[in-house]
$ cat protein-v3.tsv   # TSV, C-alpha atoms
chain	number	residue	atom	x	y	z
A	1	MET	CA	0.00	0.00	0.00
A	2	LYS	CA	2.82	2.39	0.89
A	3	ARG	CA	4.60	1.41	-2.32
A	4	SER	CA	1.54	2.23	-4.42
A	5	LEU	CA	1.24	5.65	-2.81
A	6	SER	CA	4.92	6.35	-3.46
A	7	LEU	CA	4.56	5.54	-7.18
A	8	ALA	CA	1.48	7.71	-7.41
A	9	SER	CA	3.30	10.57	-5.69
A	10	LEU	CA	6.24	10.24	-8.08
A	11	SER	CA	3.90	10.32	-11.10
A	12	VAL	CA	2.17	13.47	-9.86
A	13	ALA	CA	5.52	15.11	-9.17
A	14	ALA	CA	6.73	14.23	-12.66
A	15	LEU	CA	3.62	15.75	-14.27
A	16	ILE	CA	4.00	18.93	-12.22
A	17	SER	CA	7.64	19.16	-13.23
A	18	LEU	CA	6.83	18.67	-16.93
A	19	SER	CA	4.03	21.25	-16.73
A	20	ALA	CA	6.38	23.72	-15.14
A	21	CYS	CA	9.03	23.16	-17.82
A	22	GLY	CA	6.60	23.29	-20.80
A	23	PRO	CA	5.80	27.01	-20.86
A	24	SER	CA	9.40	27.96	-20.13
A	25	SER	CA	10.60	25.87	-23.09
A	26	GLY	CA	7.87	27.29	-25.34
A	27	GLU	CA	8.70	30.81	-24.32
A	28	SER	CA	12.36	30.10	-25.01
A	29	MET	CA	11.59	28.82	-28.53
A	30	GLU	CA	9.35	31.77	-29.28
A	31	GLY	CA	12.07	34.07	-28.12
A	32	MET	CA	14.60	32.39	-30.37
A	33	GLU	CA	12.23	32.62	-33.31
A	34	GLY	CA	11.72	36.30	-32.58
A	35	MET	CA	15.45	36.81	-32.44
A	36	GLY	CA	15.81	35.07	-35.81
A	37	GLU	CA	13.18	37.32	-37.36
A	38	SER	CA	14.79	40.42	-35.88
A	39	SER	CA	18.18	39.33	-37.15
A	40	ALA	CA	16.81	38.69	-40.65
A	41	ALA	CA	15.07	42.09	-40.67
A	42	ALA	CA	18.24	43.81	-39.54
A	43	SER	CA	20.27	42.06	-42.25
A	44	SER	CA	17.69	43.04	-44.88
A	45	ALA	CA	17.68	46.65	-43.70
A	46	THR	CA	21.47	46.74	-43.78
A	47	ALA	CA	21.50	45.32	-47.32
A	48	GLU	CA	18.90	47.83	-48.47
A	49	ALA	CA	20.78	50.68	-46.88
A	50	THR	CA	24.03	49.56	-48.52
A	51	THR	CA	22.37	49.14	-51.92
A	52	GLY	CA	20.60	52.46	-51.61
A	53	THR	CA	23.83	54.24	-50.77
A	54	SER	CA	25.60	52.62	-53.70
A	55	THR	CA	22.79	53.43	-56.16
A	56	GLU	CA	22.50	56.98	-54.91
A	57	SER	CA	26.23	57.46	-55.25
A	58	THR	CA	26.25	56.14	-58.81
A	59	SER	CA	23.19	58.20	-59.69
A	60	GLY	CA	24.73	61.27	-58.12
A	61	THR	CA	27.86	60.91	-60.24
A	62	SER	CA	25.78	60.60	-63.40
A	63	ASP	CA	23.60	63.55	-62.40
A	64	ASP	CA	26.68	65.67	-61.73
A	65	ALA	CA	28.01	64.88	-65.19
A	66	MET	CA	24.67	65.67	-66.83
A	67	ALA	CA	24.31	68.88	-64.79
A	68	GLU	CA	27.50	70.26	-66.35
A	69	HIS	CA	25.99	72.61	-68.90
A	70	ASN	CA	25.51	76.27	-69.76
A	71	ASP	CA	23.08	78.43	-71.72
A	72	ALA	CA	24.79	77.59	-75.02
A	73	ASP	CA	24.20	73.86	-74.43
A	74	VAL	CA	20.52	74.49	-73.69
A	75	MET	CA	20.03	76.65	-76.78
A	76	PHE	CA	21.88	74.14	-78.96
A	77	ALA	CA	19.55	71.31	-77.92
A	78	GLN	CA	16.39	73.44	-78.02
A	79	MET	CA	17.14	74.68	-81.54
A	80	MET	CA	18.58	71.49	-82.99
A	81	ILE	CA	15.54	69.38	-82.02
A	82	PRO	CA	13.07	71.15	-84.36
A	83	HIS	CA	15.82	71.48	-86.96
A	84	HIS	CA	16.30	67.70	-86.92
A	85	GLU	CA	12.55	67.12	-86.85
A	86	GLN	CA	12.13	69.01	-90.11
A	87	ALA	CA	15.01	67.11	-91.74
A	88	VAL	CA	13.36	63.83	-90.74
A	89	GLU	CA	10.03	65.03	-92.14
A	90	MET	CA	11.66	66.04	-95.44
A	91	SER	CA	13.34	62.65	-95.67
A	92	GLU	CA	10.07	60.83	-95.00
A	93	MET	CA	8.43	62.81	-97.82
A	94	MET	CA	11.07	61.63	-100.27
A	95	LEU	CA	10.86	58.02	-99.12
A	96	ALA	CA	7.10	58.05	-99.75
A	97	LYS	CA	7.51	59.16	-103.38
A	98	ASP	CA	7.82	57.00	-106.49
A	99	GLY	CA	10.44	57.53	-109.17
A	100	ILE	CA	13.21	58.77	-106.84
A	101	SER	CA	16.72	57.52	-107.54
A	102	PRO	CA	18.20	54.89	-105.20
A	103	GLU	CA	21.02	57.29	-104.30
A	104	ILE	CA	18.59	59.93	-103.05
A	105	THR	CA	16.38	57.46	-101.19
A	106	ALA	CA	19.54	56.05	-99.55
A	107	LEU	CA	20.55	59.57	-98.49
A	108	ALA	CA	17.06	60.27	-97.11
A	109	THR	CA	17.15	57.01	-95.16
A	110	LYS	CA	20.59	57.84	-93.74
A	111	ILE	CA	19.41	61.28	-92.59
A	112	GLU	CA	16.29	59.86	-90.97
A	113	ASP	CA	18.20	57.07	-89.21
A	114	ALA	CA	20.84	59.45	-87.83
A	115	GLN	CA	18.75	62.43	-86.78
A	116	GLY	CA	15.76	60.58	-85.33
A	117	PRO	CA	17.73	59.09	-82.39
A	118	GLU	CA	19.59	62.38	-81.85
A	119	ILE	CA	16.25	64.09	-81.22
A	120	GLY	CA	15.61	61.63	-78.38
A	121	THR	CA	19.10	62.16	-76.96
A	122	MET	CA	18.79	65.96	-76.91
A	123	THR	CA	15.30	65.79	-75.40
A	124	GLY	CA	16.78	63.63	-72.62
A	125	TRP	CA	19.50	66.22	-71.96
A	126	LEU	CA	16.97	69.02	-71.53
A	127	GLU	CA	14.88	66.91	-69.17
A	128	ALA	CA	17.98	66.06	-67.10
A	129	TRP	CA	18.93	69.74	-66.98
A	130	GLY	CA	15.42	70.76	-65.92
A	131	GLU	CA	15.02	72.88	-69.05
A	132	PRO	CA	12.00	73.10	-71.39
A	133	VAL	CA	12.28	71.39	-74.77
A	134	GLU	CA	11.16	74.62	-76.43
A	135	PRO	CA	12.54	77.98	-75.28
A	136	GLU	CA	10.17	80.50	-73.74
A	137	GLY	CA	8.38	82.37	-76.50
A	138	GLY	CA	8.97	79.64	-79.09
A	139	MET	CA	11.71	79.27	-81.68
A	140	GLU	CA	11.03	82.41	-83.69
A	141	GLY	CA	13.70	85.05	-83.30
A	142	HIS	CA	16.16	82.77	-81.51
A	143	SER	CA	19.69	82.21	-82.70
A	144	MET	CA	22.89	80.78	-81.32
A	145	GLY	CA	24.48	84.25	-81.27
A	146	GLY	CA	26.91	83.48	-84.11
A	147	SER	CA	26.80	81.84	-87.51
A	148	GLY	CA	24.33	79.26	-86.20
A	149	SER	CA	20.64	80.16	-86.37
A	150	MET	CA	17.40	78.64	-87.52
A	151	GLU	CA	18.66	79.51	-91.00
A	152	GLY	CA	18.04	76.68	-93.42
A	153	MET	CA	14.62	75.80	-91.99
A	154	MET	CA	11.97	75.50	-94.69
A	155	SER	CA	8.77	77.50	-94.51
A	156	ASP	CA	5.39	75.80	-94.46
A	157	GLU	CA	4.95	76.82	-98.10
A	158	GLN	CA	8.26	75.24	-99.10
A	159	MET	CA	7.41	72.05	-97.23
A	160	SER	CA	4.08	71.90	-99.04
A	161	GLU	CA	5.85	72.40	-102.37
A	162	LEU	CA	8.24	69.55	-101.63
A	163	GLY	CA	5.36	67.34	-100.55
A	164	SER	CA	3.50	67.80	-103.84
A	165	ALA	CA	6.52	67.62	-106.19
A	166	GLU	CA	7.33	64.45	-108.10
A	167	GLY	CA	10.27	62.87	-109.88
A	168	THR	CA	13.24	65.04	-110.82
A	169	GLU	CA	11.61	68.21	-109.49
A	170	ALA	CA	11.11	66.61	-106.08
A	171	SER	CA	14.72	65.42	-106.07
A	172	ARG	CA	16.01	68.90	-106.97
A	173	LEU	CA	13.91	70.60	-104.28
A	174	PHE	CA	14.97	68.06	-101.69
A	175	LEU	CA	18.69	68.32	-102.45
A	176	GLU	CA	18.73	72.13	-102.58
A	177	SER	CA	16.63	72.52	-99.44
A	178	MET	CA	18.50	69.87	-97.46
A	179	THR	CA	21.85	71.42	-98.41
A	180	ALA	CA	20.74	74.78	-96.96
A	181	HIS	CA	19.27	72.92	-93.98
A	182	HIS	CA	22.56	71.11	-93.32
A	183	GLU	CA	24.54	74.35	-93.61
A	184	GLY	CA	22.37	75.89	-90.90
A	185	ALA	CA	22.92	72.84	-88.67
A	186	VAL	CA	26.70	73.01	-89.19
A	187	GLY	CA	26.68	76.66	-88.08
A	188	MET	CA	24.66	75.80	-84.97
A	189	ALA	CA	27.01	72.94	-84.17
A	190	GLN	CA	30.09	75.15	-84.52
A	191	ASP	CA	28.63	77.66	-82.07
A	192	GLU	CA	28.08	74.81	-79.58
A	193	ILE	CA	31.71	73.76	-79.93
A	194	ASP	CA	32.87	77.36	-79.41
A	195	ASN	CA	30.56	78.24	-76.51
A	196	GLY	CA	29.12	75.06	-74.99
A	197	GLN	CA	30.20	73.27	-71.83
A	198	ASN	CA	28.52	69.85	-71.74
A	199	PRO	CA	30.94	67.21	-73.13
A	200	GLU	CA	28.18	65.08	-74.68
A	201	ALA	CA	26.61	68.07	-76.44
A	202	ILE	CA	29.98	69.19	-77.80
A	203	GLU	CA	30.68	65.65	-79.00
A	204	MET	CA	27.36	65.54	-80.86
A	205	ALA	CA	28.08	68.95	-82.42
A	206	GLU	CA	31.42	67.67	-83.71
A	207	MET	CA	29.70	64.62	-85.20
A	208	ILE	CA	27.04	66.81	-86.85
A	209	ILE	CA	29.71	68.93	-88.53
A	210	GLU	CA	31.56	65.89	-89.81
A	211	THR	CA	28.56	63.92	-91.10
A	212	GLN	CA	26.54	66.82	-92.49
A	213	ASN	CA	29.49	68.40	-94.32
A	214	ALA	CA	30.04	65.01	-95.96
A	215	GLU	CA	26.35	64.85	-96.90
A	216	ILE	CA	26.47	68.39	-98.32
A	217	ALA	CA	29.28	67.29	-100.65
A	218	GLU	CA	27.25	64.20	-101.61
A	219	MET	CA	24.16	66.30	-102.35
A	220	GLU	CA	26.15	68.69	-104.53
A	221	GLU	CA	27.26	65.73	-106.65
A	222	LEU	CA	23.70	64.40	-106.87
A	223	LEU	CA	22.41	67.83	-107.90
A	224	ALA	CA	25.01	68.05	-110.64
A	225	GLY	CA	23.83	64.69	-111.98
A	226	LEU	CA	20.12	65.60	-112.26
$ encode --input "protein-v3.tsv" --output "structure tokens"
Amino acid sequence: MKRSLSLASLSVAALISLSACGPSSGESMEGMEGMGESSAAASSATAEATTGTSTESTSGTSDDAMAEHNDADVMFAQMMIPHHEQAVEMSEMMLAKDGISPEITALATKIEDAQGPEIGTMTGWLEAWGEPVEPEGGMEGHSMGGSGSMEGMMSDEQMSELGSAEGTEASRLFLESMTAHHEGAVGMAQDEIDNGQNPEAIEMAEMIIETQNAEIAEMEELLAGL
């Protein structure tokens, strides 16, 4: 009888002991899980902070480079965009016509392919500089302050005449008008080289002078052969 009571007492004691340990163990596990979550969150925050600092630094360097500009750079981009847009429109007119020589259609394609992307590049510069794409008051009356101006731009009447012309007459109008157009662009580009500050804008101006002078010479030969 005494032995039975002893076993019963031991069993009760064991249950009490296990009950007492259970919550402590659970609390310990929950605490460890919480520590794991906190550690993971801290690691994530550290990684984000590091990445953010690195991205901001890289972006800052790029922004600093793009911010290097002056009024001549702004005017160059603002004026060259519509100048290019008209050259692209003139080229598209010729490409839509029948009976145009392969040499002239190849020239029109080359002009369109070169100047179209440059429009996007210059628009991006102005946005990065916080400048409007079109100067206040519009393009009329603006010039680069030197040989460069909106000289060479065709009037609405001249564009309409080119649009309705066909065959040899269309080719002649296109070559004469685009030659004058290119000469105006070369003058604008030279003013950017002389007065600009942004390295990318100056580099584009140098490329415009090189390519458009070469195209002027090509157009003179094509005109002579009409």
$ atom_distance --input "protein-v3.tsv" --atom1 "CA of Glu183 (chain A)" --atom2 "CA of Gly152 (chain A)"
6.9 Å
$ residues_near_point --input "protein-v3.tsv" --point "(29.1, 72.2, -78.8)" --cutoff "12 Å" --atoms "all atoms listed in the file" --output "NGL selection string"
:A and (69-77 or 80 or 144 or 148 or 185-209)
$ atom_distance --input "protein-v3.tsv" --atom1 "CA of Leu95 (chain A)" --atom2 "CA of Gly124 (chain A)"
27.7 Å
$ residues_around --input "protein-v3.tsv" --residues "Ala108 (chain A)" --least-positions-apart "4" --cutoff "8 Å" --atoms "all atoms listed in the file" --output "PDB file with C-alpha atoms, keeping the file's coordinate frame"
ATOM      1  CA  SER A  91      13.340  62.650 -95.670  1.00  0.00           C
ATOM      2  CA  GLU A  92      10.070  60.830 -95.000  1.00  0.00           C
ATOM      3  CA  MET A  94      11.070  61.630-100.270  1.00  0.00           C
ATOM      4  CA  LEU A  95      10.860  58.020 -99.120  1.00  0.00           C
ATOM      5  CA  ILE A 104      18.590  59.930-103.050  1.00  0.00           C
ATOM      6  CA  GLU A 112      16.290  59.860 -90.970  1.00  0.00           C
TER       7      GLU A 112
END
$ residues_around --input "protein-v3.tsv" --residues "Met154 (chain A)" --least-positions-apart "6" --cutoff "9 Å" --atoms "all atoms listed in the file" --output "ChimeraX atom specification"
/A:86,177,181
$ residues_around --input "protein-v3.tsv" --residues "Glu176 (chain A)" --least-positions-apart "2" --cutoff "10 Å" --atoms "all atoms listed in the file" --output "list in words"
Ser171, Arg172, Leu173, Phe174, Met178, Thr179, Ala180, His181, Ile216, Met219, Glu220 and Leu223 of chain A
$ atom_distance --input "protein-v3.tsv" --atom1 "CA of Met90 (chain A)" --atom2 "CA of Leu222 (chain A)"
16.7 Å
$ closest_residue --input "protein-v3.tsv" --among "A:Asn213, A:His84, A:Leu126, A:Met93" --to "Leu162 (chain A)" --atoms "all atoms listed in the file"
A:Met93
